[in-house]
file model-v2.cif (mmCIF, C-alpha atoms and all ligand atoms)
data_entry
loop_
_atom_site.label_atom_id
_atom_site.label_comp_id
_atom_site.auth_asym_id
_atom_site.auth_seq_id
_atom_site.Cartn_x
_atom_site.Cartn_y
_atom_site.Cartn_z
CA MET A 25 0.00 0.00 0.00
CA GLU A 26 1.21 3.48 -0.91
CA GLU A 27 2.20 5.54 2.16
CA PRO A 28 0.02 8.64 2.62
CA LYS A 29 1.81 11.83 1.58
CA LEU A 30 1.21 15.55 1.53
CA SER A 31 0.72 16.97 -1.94
CA ASP A 32 2.95 19.85 -3.08
CA ASP A 33 -0.11 22.05 -3.08
CA VAL A 34 -0.82 21.41 0.62
CA PHE A 35 2.85 21.94 1.42
CA GLU A 36 2.78 25.36 -0.27
CA GLN A 37 -0.25 26.42 1.77
CA ILE A 38 1.18 25.50 5.16
CA LYS A 39 4.96 25.73 4.73
CA ASN A 40 5.31 29.04 6.53
CA PHE A 41 3.28 28.08 9.62
CA ASP A 42 5.04 27.50 12.91
CA HIS A 43 3.69 24.10 13.98
CA ARG A 44 4.33 24.92 17.64
CA LYS A 45 2.30 28.14 17.55
CA LEU A 46 -0.61 27.53 15.21
CA THR A 47 -3.43 30.08 15.24
CA GLU A 48 -7.01 28.86 15.41
CA GLU A 49 -7.45 29.72 11.78
CA GLN A 50 -4.35 27.71 10.84
CA ILE A 51 -5.55 24.74 12.87
CA LEU A 52 -8.85 24.75 10.99
CA LEU A 53 -7.01 24.89 7.68
CA ILE A 54 -4.68 22.02 8.70
CA ASP A 55 -7.68 19.92 9.74
CA LYS A 56 -9.21 20.58 6.35
CA LEU A 57 -6.05 19.94 4.32
CA ILE A 58 -4.43 16.99 6.11
CA LEU A 59 -7.02 14.26 6.32
CA ASN A 60 -4.67 11.42 7.27
CA GLU A 61 -4.62 11.37 11.08
CA GLU A 62 -1.09 10.03 11.37
CA LEU A 63 0.35 12.68 9.06
CA LYS A 64 -1.56 15.37 10.91
CA GLU A 65 -0.25 14.18 14.24
CA CYS A 66 3.33 14.11 12.92
CA TYR A 67 2.95 17.62 11.54
CA LYS A 68 1.52 19.07 14.75
CA LYS A 69 4.25 17.42 16.81
CA ASN A 70 7.33 17.76 14.61
CA GLY A 71 6.60 20.20 11.76
CA LEU A 72 7.58 19.94 8.13
CA CYS A 73 10.83 18.94 6.43
CA LYS A 74 11.67 21.58 3.86
CA GLU A 75 13.63 19.08 1.83
CA CYS A 76 11.10 16.31 1.21
CA LYS A 77 8.06 18.52 1.91
CA GLN A 78 6.56 15.99 4.33
CA PRO A 79 5.76 16.03 8.06
CA LYS A 80 8.71 14.73 10.07
CA ASN A 81 8.37 11.55 12.12
CA SER A 82 10.56 12.98 14.85
CA SER A 83 11.55 16.46 15.96
CA ASN A 84 15.20 15.33 15.73
CA TRP A 85 15.35 14.03 12.17
CA CYS A 86 13.42 13.52 8.97
CA GLN A 87 12.94 10.04 7.58
CA CYS A 88 14.16 11.30 4.16
CA LYS A 89 17.70 11.37 5.57
CA PHE A 90 17.53 7.59 5.94
CA GLN A 91 15.98 7.23 2.52
CA GLN A 92 18.85 9.10 0.88
CA ASN A 93 21.22 6.65 2.53
CA PHE A 94 19.46 3.46 1.40
CA LYS A 95 21.72 3.15 -1.65
CA ASN A 96 24.83 3.17 0.54
CA TRP A 97 24.26 -0.14 2.30
CA THR A 98 22.84 -3.59 1.78
CA SER A 99 22.62 -6.73 3.87
CA GLY A 100 22.75 -8.83 0.73
CA ASN A 101 19.20 -9.97 1.38
CA ILE A 102 16.25 -8.02 -0.02
CA GLU A 103 13.87 -9.02 2.79
CA VAL A 104 16.29 -7.83 5.44
CA ASP A 105 17.02 -4.60 3.55
CA GLU A 106 13.33 -3.79 3.23
CA PHE A 107 12.71 -4.66 6.85
CA ILE A 108 15.44 -2.28 8.05
CA GLN A 109 14.34 0.45 5.63
CA LYS A 110 10.78 0.21 6.86
CA SER A 111 11.88 0.54 10.48
CA GLN A 112 13.90 3.64 9.60
CA LEU A 113 11.07 5.30 7.71
CA LYS A 114 8.57 4.60 10.47
CA ALA A 115 10.69 5.24 13.57
CA LYS A 116 9.36 7.95 15.83
CA ASN A 117 12.18 7.71 18.35
CA TYR A 118 15.77 6.46 18.45
CA VAL A 119 14.88 3.20 20.15
CA LYS A 120 12.86 2.10 17.12
CA ILE A 121 15.55 2.74 14.50
CA LEU A 122 17.27 -0.38 13.21
CA GLU A 123 20.57 -0.21 11.38
CA TRP A 124 22.41 -2.54 9.07
CA ILE A 125 25.79 -2.95 10.77
CA GLU A 126 28.68 -4.51 8.86
CA TYR A 127 30.28 -7.30 10.89
CA ASP A 128 33.71 -5.66 10.67
CA ARG A 129 32.32 -2.80 12.78
CA PHE A 130 32.57 -5.21 15.72
CA GLU A 131 35.70 -6.27 17.54
CA ASN A 132 36.52 -8.62 20.42
CA VAL A 133 33.57 -10.87 19.61
CA GLU A 134 33.34 -13.21 22.57
CA TYR A 135 31.06 -16.21 23.18
CA LEU A 136 28.70 -15.63 26.11
CA ALA A 137 26.04 -18.32 26.24
CA LYS A 138 23.93 -20.72 24.33
CA GLY A 139 20.18 -20.45 24.79
CA GLY A 140 17.37 -22.63 23.59
CA PHE A 141 17.13 -20.98 20.20
CA GLY A 142 20.35 -19.13 19.62
CA THR A 143 23.89 -18.34 20.68
CA ILE A 144 24.79 -15.08 22.36
CA TYR A 145 28.06 -13.22 21.83
CA LYS A 146 29.37 -10.07 23.40
CA ALA A 147 31.16 -7.59 21.12
CA ILE A 148 32.51 -4.08 21.07
CA TRP A 149 30.93 -1.86 18.46
CA LYS A 150 33.72 0.32 17.12
CA ASP A 151 31.52 3.33 17.82
CA GLY A 152 32.18 2.65 21.46
CA TYR A 153 29.38 0.53 22.87
CA ILE A 154 29.45 -3.01 24.19
CA LEU A 155 26.63 -4.93 22.55
CA VAL A 156 25.23 -8.41 22.34
CA LEU A 157 25.00 -10.35 19.08
CA LYS A 158 22.35 -13.01 19.05
CA CYS A 159 22.73 -15.62 16.39
CA LEU A 160 19.63 -17.70 15.79
CA HIS A 161 20.38 -21.30 14.96
CA ASN A 162 20.03 -21.94 11.23
CA SER A 163 19.39 -18.39 10.13
CA GLN A 164 21.47 -18.48 6.91
CA ASP A 165 18.20 -18.48 5.08
CA ILE A 166 16.62 -15.53 6.68
CA THR A 167 13.30 -16.60 8.03
CA ALA A 168 10.18 -14.71 8.86
CA GLU A 169 10.76 -15.89 12.44
CA PHE A 170 14.05 -14.04 12.71
CA LEU A 171 12.56 -10.75 11.48
CA ARG A 172 9.45 -11.22 13.56
CA GLU A 173 11.48 -11.46 16.75
CA ILE A 174 13.19 -8.18 15.90
CA GLU A 175 9.91 -6.53 15.01
CA LEU A 176 8.47 -7.51 18.38
CA HIS A 177 11.45 -5.90 20.10
CA ILE A 178 10.69 -2.72 18.19
CA VAL A 179 6.98 -2.84 18.99
CA VAL A 180 7.42 -3.25 22.74
CA GLY A 181 10.96 -1.96 23.01
CA ASP A 182 10.48 1.73 23.64
CA SER A 183 10.19 1.08 27.32
CA LEU A 184 13.15 0.45 29.57
CA SER A 185 11.77 -2.92 30.55
CA VAL A 186 12.18 -4.76 27.23
CA ILE A 187 15.68 -5.05 25.78
CA ASN A 188 16.47 -2.74 22.84
CA CYS A 189 17.39 -3.98 19.42
CA HIS A 190 19.88 -1.81 17.52
CA GLY A 191 20.20 -3.56 14.22
CA ILE A 192 21.16 -6.59 12.22
CA THR A 193 24.56 -7.92 11.19
CA LYS A 194 25.85 -11.08 9.56
CA ASP A 195 28.73 -13.31 10.52
CA PRO A 196 30.70 -13.70 7.27
CA GLU A 197 32.01 -17.13 8.29
CA SER A 198 28.79 -18.91 9.22
CA ASN A 199 26.62 -16.63 7.05
CA ASN A 200 24.25 -16.39 9.99
CA PHE A 201 22.31 -13.20 10.51
CA MET A 202 22.57 -11.81 14.02
CA ILE A 203 20.39 -9.50 16.08
CA VAL A 204 22.38 -6.66 17.65
CA MET A 205 21.04 -5.86 21.11
CA THR A 206 21.84 -3.95 24.26
CA TYR A 207 24.36 -5.69 26.51
CA ALA A 208 23.15 -6.34 30.05
CA GLN A 209 26.09 -5.92 32.36
CA ASN A 210 24.84 -8.26 35.08
CA GLY A 211 23.80 -11.03 32.72
CA SER A 212 20.52 -12.83 33.26
CA LEU A 213 18.48 -12.31 36.39
CA ARG A 214 19.40 -15.89 37.33
CA GLN A 215 23.13 -15.10 37.13
CA TYR A 216 22.56 -11.91 39.09
CA LEU A 217 20.71 -13.76 41.86
CA ASN A 218 23.51 -16.33 42.09
CA LYS A 219 26.08 -13.61 42.50
CA SER A 220 24.25 -11.00 44.52
CA PHE A 221 21.28 -12.54 46.33
CA ASN A 222 22.99 -12.68 49.71
CA SER A 223 23.70 -8.97 49.68
CA MET A 224 20.37 -7.86 48.20
CA SER A 225 17.88 -5.92 50.27
CA TRP A 226 14.16 -6.65 50.19
CA LYS A 227 13.69 -3.28 48.58
CA GLU A 228 15.89 -4.35 45.68
CA LYS A 229 14.11 -7.69 45.33
CA LEU A 230 10.73 -6.01 45.23
CA SER A 231 11.98 -3.44 42.77
CA ILE A 232 13.19 -6.24 40.46
CA LEU A 233 9.74 -7.82 40.60
CA GLN A 234 8.05 -4.50 40.03
CA MET A 235 10.13 -3.84 36.90
CA THR A 236 9.59 -7.39 35.64
CA ALA A 237 5.83 -7.00 36.07
CA TYR A 238 6.01 -3.65 34.31
CA GLY A 239 7.82 -5.18 31.33
CA LEU A 240 5.43 -8.10 31.10
CA ASN A 241 2.54 -5.67 31.27
CA ASN A 242 4.03 -3.75 28.33
CA ILE A 243 4.11 -6.97 26.32
CA HIS A 244 0.55 -7.82 27.30
CA ARG A 245 -0.64 -4.30 26.51
CA GLU A 246 0.41 -4.91 22.90
CA ARG A 247 -1.87 -7.97 23.01
CA LEU A 248 1.12 -10.32 22.96
CA ILE A 249 1.98 -13.41 24.96
CA HIS A 250 5.67 -13.99 25.77
CA ARG A 251 5.34 -17.78 26.01
CA ASP A 252 8.87 -18.37 27.30
CA PHE A 253 8.94 -16.26 30.43
CA HIS A 254 11.66 -17.40 32.83
CA CYS A 255 14.58 -16.07 34.83
CA GLY A 256 17.09 -16.68 32.01
CA ASN A 257 15.10 -14.42 29.68
CA ILE A 258 15.17 -11.49 32.04
CA LEU A 259 18.34 -9.45 31.91
CA SER A 260 19.75 -7.47 34.76
CA GLU A 261 21.23 -4.10 33.96
CA ILE A 262 22.62 -1.35 36.14
CA GLN A 263 19.49 0.74 35.65
CA GLY A 264 17.00 -2.08 35.91
CA ILE A 265 15.50 -5.16 34.38
CA SER A 266 14.88 -5.93 30.71
CA ILE A 267 12.90 -8.74 29.20
CA THR A 268 14.42 -10.47 26.19
CA ASP A 269 13.92 -13.47 23.90
CA LEU A 270 10.67 -12.54 22.25
CA GLY A 271 11.24 -15.33 19.72
CA LEU A 272 8.26 -17.34 20.89
CA CYS A 273 6.11 -14.30 21.55
CA ARG A 274 2.79 -14.42 19.70
CA PRO A 275 -0.26 -12.22 19.37
CA ALA A 276 -2.86 -13.22 21.93
CA ASN A 277 -5.43 -13.82 19.21
CA ALA A 278 -3.14 -15.87 16.93
CA LYS A 279 -4.42 -19.31 16.09
CA PRO A 280 -1.34 -21.50 15.98
CA SER A 281 -1.10 -24.22 13.40
CA GLN A 282 -2.00 -27.69 14.63
CA ASP A 283 1.61 -28.85 14.76
CA GLU A 284 2.79 -25.80 16.58
CA TYR A 285 -0.15 -26.08 18.94
CA LYS A 286 0.96 -29.46 20.17
CA LYS A 287 4.54 -28.45 20.86
CA ILE A 288 5.52 -27.04 24.21
CA TYR A 289 8.81 -25.15 24.28
CA GLY A 290 10.18 -23.67 27.42
CA VAL A 291 11.67 -24.27 30.83
CA LEU A 292 9.49 -26.76 32.67
CA PRO A 293 9.17 -25.14 36.13
CA TYR A 294 7.84 -21.90 34.62
CA ILE A 295 5.22 -23.48 32.38
CA ALA A 296 1.68 -23.16 33.65
CA PRO A 297 -0.09 -26.43 34.59
CA GLU A 298 -2.86 -25.96 32.01
CA VAL A 299 -0.28 -25.50 29.23
CA LEU A 300 1.43 -28.74 30.21
CA ARG A 301 -1.99 -30.35 29.92
CA GLY A 302 -2.26 -29.25 26.32
CA LYS A 303 -4.18 -25.97 26.62
CA GLU A 304 -3.10 -22.93 24.66
CA TYR A 305 -0.68 -20.39 26.07
CA THR A 306 -2.45 -17.31 27.34
CA GLN A 307 -1.35 -14.10 29.03
CA GLU A 308 -2.36 -15.83 32.26
CA SER A 309 0.23 -18.54 31.56
CA ASP A 310 2.89 -15.80 31.37
CA ILE A 311 1.66 -14.54 34.73
CA TYR A 312 2.08 -18.05 36.17
CA GLY A 313 5.72 -17.80 35.02
CA PHE A 314 5.96 -14.44 36.75
CA GLY A 315 4.73 -16.10 39.96
CA ILE A 316 7.57 -18.62 39.76
CA ILE A 317 10.05 -15.80 39.10
CA ALA A 318 8.67 -13.97 42.15
CA TYR A 319 9.31 -17.08 44.24
CA GLU A 320 12.82 -17.30 42.79
CA VAL A 321 13.62 -13.67 43.57
CA CYS A 322 12.33 -14.12 47.15
CA THR A 323 14.22 -17.34 47.92
CA GLY A 324 17.21 -16.89 45.59
CA LEU A 325 16.92 -20.46 44.33
CA PRO A 326 15.96 -21.73 40.89
CA PRO A 327 12.57 -23.46 41.00
CA TYR A 328 12.72 -27.25 41.45
CA HIS A 329 16.50 -27.09 41.21
CA ASN A 330 17.17 -30.23 43.23
CA ILE A 331 14.95 -32.63 41.32
CA ALA A 332 14.90 -33.88 37.76
CA HIS A 333 12.78 -31.93 35.28
CA ASP A 334 11.11 -35.02 33.92
CA LYS A 335 7.70 -36.55 33.44
CA ILE A 336 7.17 -36.97 37.18
CA LEU A 337 7.64 -33.26 37.78
CA THR A 338 5.41 -32.51 34.80
CA ILE A 339 2.66 -34.60 36.37
CA SER A 340 3.20 -32.89 39.74
CA ILE A 341 2.74 -29.49 38.17
CA SER A 342 0.06 -30.34 35.67
CA ILE A 343 -2.11 -32.44 37.94
CA GLU A 344 -1.43 -31.87 41.63
CA LEU A 345 -0.52 -28.21 41.48
CA TYR A 346 -3.31 -27.54 39.01
CA GLU A 347 -5.88 -28.98 41.38
CA LYS A 348 -4.53 -27.08 44.32
CA LEU A 349 -4.37 -23.76 42.49
CA ASP A 350 -7.90 -24.35 41.35
CA GLY A 351 -8.94 -24.96 44.96
CA LEU A 352 -7.13 -21.84 46.13
CA TYR A 353 -8.83 -19.80 43.47
CA ARG A 354 -12.24 -20.98 44.61
CA ASP A 355 -11.36 -20.24 48.26
CA LEU A 356 -10.19 -16.76 47.30
CA ILE A 357 -13.50 -16.10 45.60
CA ARG A 358 -15.44 -17.46 48.58
CA SER A 359 -13.63 -15.47 51.25
CA SER A 360 -13.10 -11.74 51.24
CA SER A 361 -9.71 -11.12 49.66
CA GLU A 362 -8.42 -8.86 52.45
CA GLN A 363 -8.94 -11.57 55.06
CA GLU A 364 -7.25 -14.02 52.75
CA ILE A 365 -4.20 -11.82 52.29
CA GLU A 366 -3.92 -11.35 56.03
CA LYS A 367 -4.15 -15.11 56.48
CA GLN A 368 -1.39 -15.60 53.96
CA ILE A 369 0.87 -13.05 55.65
CA ILE A 370 0.52 -14.90 58.96
CA GLU A 371 1.21 -18.16 57.14
CA ALA A 372 4.30 -16.69 55.45
CA ASP A 373 5.59 -15.32 58.77
CA LYS A 374 5.32 -18.79 60.29
CA ILE A 375 7.30 -20.29 57.43
CA ASN A 376 9.89 -17.55 57.67
CA GLU A 377 10.31 -18.18 61.40
CA LYS A 378 11.26 -21.75 60.65
CA LEU A 379 13.94 -20.62 58.23
CA THR A 380 17.24 -20.38 59.98
CA THR A 381 19.14 -17.30 58.99
CA THR A 382 22.40 -19.00 59.85
CA SER A 383 22.12 -21.38 56.92
CA SER A 384 25.31 -21.57 54.90
CA LEU A 385 23.19 -21.04 51.81
CA TYR A 386 22.45 -17.44 52.65
CA THR A 387 25.54 -16.42 54.58
CA GLY A 388 28.27 -16.77 51.96
CA ALA A 389 29.32 -14.08 49.52
CA THR A 390 27.38 -15.85 46.77
CA LEU A 391 24.56 -18.40 46.81
CA SER A 392 25.77 -21.95 46.77
CA TYR A 393 23.40 -24.77 45.97
CA VAL A 394 23.61 -27.99 44.04
CA THR A 395 21.49 -28.37 40.93
CA ASN A 396 20.19 -31.77 39.89
CA PRO A 397 21.95 -32.77 36.65
CA GLN A 398 18.50 -33.42 35.17
CA ALA A 399 17.24 -29.88 35.92
CA PHE A 400 17.25 -27.78 32.74
CA TYR A 401 17.01 -24.01 32.64
CA THR A 402 17.28 -23.29 28.93
CA SER A 403 14.23 -23.52 26.68
CA ARG A 404 13.73 -26.89 25.06
CA LEU A 405 11.02 -28.87 23.40
CA LEU A 406 9.08 -30.66 26.11
CA ASP A 407 7.52 -33.81 24.92
CA PHE A 408 5.44 -35.44 27.60
CA LYS A 409 2.61 -37.29 25.98
CA ASN A 410 -0.29 -39.09 27.64
CA LEU A 411 -0.30 -37.29 30.95
CA PRO A 412 -3.03 -38.57 33.27
CA GLU A 413 -6.14 -36.41 33.58
CA PRO A 414 -6.56 -34.50 36.85
CA LYS A 415 -9.56 -35.28 39.01
CA ASN A 416 -12.13 -32.54 38.93
CA ALA A 417 -11.27 -30.03 41.66
CA ILE A 418 -14.84 -28.67 41.66
CA ASP A 419 -16.12 -31.88 43.21
CA ASN A 420 -13.54 -31.84 45.92
CA LYS A 421 -15.49 -30.20 48.75
CA ASP A 422 -12.78 -30.84 51.33
CA ASP A 423 -10.33 -28.62 49.51
CA SER A 424 -10.14 -26.02 52.26
CA PHE A 425 -7.52 -23.31 52.27
CA GLY A 426 -5.79 -24.79 55.32
CA GLU A 427 -5.23 -27.99 53.45
CA TYR A 428 -4.13 -26.08 50.43
CA SER A 429 -1.32 -24.30 52.22
CA GLU A 430 -0.02 -27.50 53.69
CA SER A 431 -0.18 -29.58 50.60
CA ILE A 432 1.24 -26.97 48.27
CA GLU A 433 4.27 -26.96 50.53
CA SER A 434 4.65 -30.67 50.14
CA ILE A 435 4.79 -30.68 46.35
CA ASP A 436 6.47 -27.44 45.62
CA PHE A 437 7.92 -25.05 48.09
CA THR A 438 9.61 -27.47 50.47
CA LYS A 439 11.53 -28.87 47.54
CA LEU A 440 12.99 -25.46 47.07
CA ASN A 441 13.35 -24.83 50.73
CA ILE A 442 16.73 -26.25 51.58
CA ASP A 443 16.82 -24.44 54.91
CA LYS A 444 13.98 -26.47 56.34
CA SER A 445 16.06 -29.61 56.42
CA ASN A 446 18.68 -27.92 58.56
ZN ZN B 501 12.59 15.08 4.79
#

call {"tool": "encode", "arguments": {"input": "model-v2.cif", "output": "structure tokens", "more": "lines below"}}
Ligand SMILES: [Zn+2]
result
Amino acid sequence: MEEPKLSDDVFEQIKNFDHRKLTEEQILLIDKLILNEELKECYKKNGLCKECKQPKNSSNWCQCKFQQNFKNWTSGNIEVDEFIQKSQLKAKNYVKILEWIEYDRFENVEYLAKGGFGTIYKAIWKDGYILVLKCLHNSQDITAEFLREIELHIVVGDSLSVINCHGITKDPESNNFMIVMTYAQNGSLRQYLNKSFNSMSWKEKLSILQMTAYGLNNIHRERLIHRDFHCGNILSEIQGISITDLGLCRPANAKPSQDEYKKIYGVLPYIAPEVLRGKEYTQESDIYGFGIIAYEVCTGLPPYHNIAHDKILTISISIELYEKLDGLYRDLIRSSSEQEIEKQIIEADKINEKLTTTSSLYTGATLSYVTNPQAFYTSRLLDFKNLPEPKNAIDNKDDSFGEYSESIESIDFTKLNIDKSN
């Protein structure tokens, strides 16, 4: 579709107006002449570019500057070129501008980590910044998936809480395209907790959770579902928390293909019980993941770290925990929520009292715990077929809250609670 443009005639009529100090008469004329709402908004906010005779997308630059430069670079792939060009023509602020960056603009490229879907490198951009290069596995043939992930970063990335994407580059040796992103100094939230948990204040822990919730809310506000929300996909920076890895992110109303529907990717402990039982991912499933992250930030320990992430755990989460959460939900609805919260605070205080603060876990400079060799914290394809069906929690009249708090401990929290055995 042709982008809406101002005609030369309209330009002539309004070129001498000061967009910041329009008279009432001028405003009426503008409303009459510029019918496209987006163009009108750009004009009122940023004024006109005398060179291309169009409203500017930003007060700091005109998109025509990028356009003039299009002939000076190419990624070697038309799809990628057009994708970058489009981002430059549409960008309304710096965060949304993508660049094609030649690989030789990077030096000291250093391997950082391998995730479920790609490998992460750290590199110095010769213009002075340290950045991260994310190489998606098998991206020689640029796929829609690769570009979609970048696009999602642009859509939700103008907040501090979702990691920024600066551009695209290509490793000349492997021919893999790479996403160029902001480097998070403290690594993932998981790495940060390992290193710093024992010296973190409650204020800091709560602030981490607040920023994480804020970022997830930004994703949800765009009607998206993250679908792979875990502590390894949250990055810790000096100024805060940024969510990354939007590769599996999908619009909330997207109907996945049958094949895709059946596949569950992710890190088992963070996947909501109903998803493990074959239901679709929803924004609520992301929020379940947030709940697990909240637990992790409060205790410092990875969820279910000392047991194998296998079919038995999947059944525990998808059947037992599902039933108990369902029961809790019904109890919450039955009782007034304020009373319930108070009850939970008393309950939490009791549990905290039992925790010994002298535990070696929490007294060292860094957290030290042993992870089960069968506990996996990078995203993978989870293939647990034929899980047993849960019994219907609605019929379970004895499912009182008191029982809930005891039994949830027995399947979940005590497993994480190393201190209790001391
Ligand atoms: Zn211009």

call {"tool": "residues_near_ligand", "arguments": {"input": "model-v2.cif", "ligand": "ligand ZN 501 (chain B)", "cutoff": "6 Å", "atoms": "all atoms listed in the file", "output": "list in words"}}
result
Cys73, Glu75, Cys76, Cys86, Gln87 and Cys88 of chain A

call {"tool": "closest_residue", "arguments": {"input": "model-v2.cif", "among": "A:Leu113, A:Val321, A:Val104, A:Ala332", "to": "Phe221 (chain A)", "atoms": "all atoms listed in the file"}}
result
A:Val321

call {"tool": "residues_around", "arguments": {"input": "model-v2.cif", "residues": "Ala389 (chain A)", "least_positions_apart": "5", "cutoff": "9 Å", "atoms": "all atoms listed in the file", "output": "CSV table (one decimal) with C-alpha atoms, in the coordinates of the input"}}
result
chain,number,residue,atom,x,y,z
A,219,LYS,CA,26.1,-13.6,42.5
A,220,SER,CA,24.2,-11.0,44.5
A,221,PHE,CA,21.3,-12.5,46.3
A,222,ASN,CA,23.0,-12.7,49.7
A,223,SER,CA,23.7,-9.0,49.7

call {"tool": "residues_around", "arguments": {"input": "model-v2.cif", "residues": "Leu230 (chain A)", "least_positions_apart": "4", "cutoff": "9 Å", "atoms": "all atoms listed in the file", "output": "CSV table (one decimal) with C-alpha atoms, keeping the file's coordinate frame"}}
result
chain,number,residue,atom,x,y,z
A,225,SER,CA,17.9,-5.9,50.3
A,226,TRP,CA,14.2,-6.6,50.2
A,234,GLN,CA,8.0,-4.5,40.0
A,235,MET,CA,10.1,-3.8,36.9
A,318,ALA,CA,8.7,-14.0,42.2
A,321,VAL,CA,13.6,-13.7,43.6
A,322,CYS,CA,12.3,-14.1,47.2

call {"tool": "residues_around", "arguments": {"input": "model-v2.cif", "residues": "Ile267 (chain A)", "least_positions_apart": "6", "cutoff": "8 Å", "atoms": "only C-alpha atoms", "output": "list in words"}}
result
Ser185, Val186, Ile187, Thr236, Gly239, Leu240, Asn257, Ile258 and Leu259 of chain A

call {"tool": "write_last_selection", "arguments": {"input": "model-v2.cif", "atoms": "C-alpha atoms", "output": "PDB file, in the frame of the given file"}}
result
ATOM      1  CA  SER A 185      11.770  -2.920  30.550  1.00  0.00           C
ATOM      2  CA  VAL A 186      12.180  -4.760  27.230  1.00  0.00           C
ATOM      3  CA  ILE A 187      15.680  -5.050  25.780  1.00  0.00           C
ATOM      4  CA  THR A 236       9.590  -7.390  35.640  1.00  0.00           C
ATOM      5  CA  GLY A 239       7.820  -5.180  31.330  1.00  0.00           C
ATOM      6  CA  LEU A 240       5.430  -8.100  31.100  1.00  0.00           C
ATOM      7  CA  ASN A 257      15.100 -14.420  29.680  1.00  0.00           C
ATOM      8  CA  ILE A 258      15.170 -11.490  32.040  1.00  0.00           C
ATOM      9  CA  LEU A 259      18.340  -9.450  31.910  1.00  0.00           C
TER      10      LEU A 259
END

call {"tool": "residues_around", "arguments": {"input": "model-v2.cif", "residues": "Leu59 (chain A)", "least_positions_apart": "6", "cutoff": "12 Å", "atoms": "only C-alpha atoms", "output": "count of residues only"}}
result
9

call {"tool": "residues_around", "arguments": {"input": "model-v2.cif", "residues": "region 196-204 of chain A", "least_positions_apart": "3", "cutoff": "6 Å", "atoms": "all atoms listed in the file", "output": "PyMOL selection string"}}
result
chain A and resi 156-159+163-164+189-193

call {"tool": "atom_distance", "arguments": {"input": "model-v2.cif", "atom1": "CA of His161 (chain A)", "atom2": "CA of Phe141 (chain A)"}}
result
6.2 Å

call {"tool": "atom_distance", "arguments": {"input": "model-v2.cif", "atom1": "CA of Glu261 (chain A)", "atom2": "CA of Gln209 (chain A)"}}
result
5.4 Å

call {"tool": "atom_distance", "arguments": {"input": "model-v2.cif", "atom1": "CA of Phe90 (chain A)", "atom2": "CA of Asn117 (chain A)"}}
result
13.5 Å

call {"tool": "decode", "arguments": {"input": "model-v2.cif", "residues": "region 358-370 of chain A", "atoms": "N, CA and C atoms", "output": "compact mmCIF listing (two decimals), in the first residue's frame"}}
result
# COMPACT_ATOMS: atom_id res chain seq x y z
N ARG A 358 -14.49 -17.27 47.48
CA ARG A 358 -15.44 -17.46 48.58
C ARG A 358 -15.19 -16.47 49.72
N SER A 359 -13.92 -16.31 50.08
CA SER A 359 -13.63 -15.47 51.25
C SER A 359 -13.34 -14.05 50.76
N SER A 360 -13.45 -13.09 51.67
CA SER A 360 -13.10 -11.74 51.24
C SER A 360 -11.60 -11.69 51.06
N SER A 361 -11.13 -11.01 50.03
CA SER A 361 -9.71 -11.12 49.66
C SER A 361 -8.80 -10.51 50.73
N GLU A 362 -9.29 -9.49 51.44
CA GLU A 362 -8.42 -8.86 52.45
C GLU A 362 -8.09 -9.85 53.57
N GLN A 363 -9.15 -10.55 54.02
CA GLN A 363 -8.94 -11.57 55.06
C GLN A 363 -7.94 -12.61 54.58
N GLU A 364 -8.09 -12.98 53.32
CA GLU A 364 -7.25 -14.02 52.75
C GLU A 364 -5.79 -13.58 52.74
N ILE A 365 -5.57 -12.32 52.35
CA ILE A 365 -4.20 -11.82 52.29
C ILE A 365 -3.59 -11.82 53.68
N GLU A 366 -4.40 -11.38 54.65
CA GLU A 366 -3.92 -11.35 56.03
C GLU A 366 -3.51 -12.76 56.48
N LYS A 367 -4.38 -13.71 56.15
CA LYS A 367 -4.15 -15.11 56.48
C LYS A 367 -2.82 -15.58 55.87
N GLN A 368 -2.61 -15.17 54.64
CA GLN A 368 -1.39 -15.60 53.96
C GLN A 368 -0.14 -14.97 54.57
N ILE A 369 -0.28 -13.71 55.03
CA ILE A 369 0.87 -13.05 55.65
C ILE A 369 1.26 -13.79 56.92
N ILE A 370 0.25 -14.16 57.71
CA ILE A 370 0.52 -14.90 58.96
C ILE A 370 1.21 -16.23 58.62
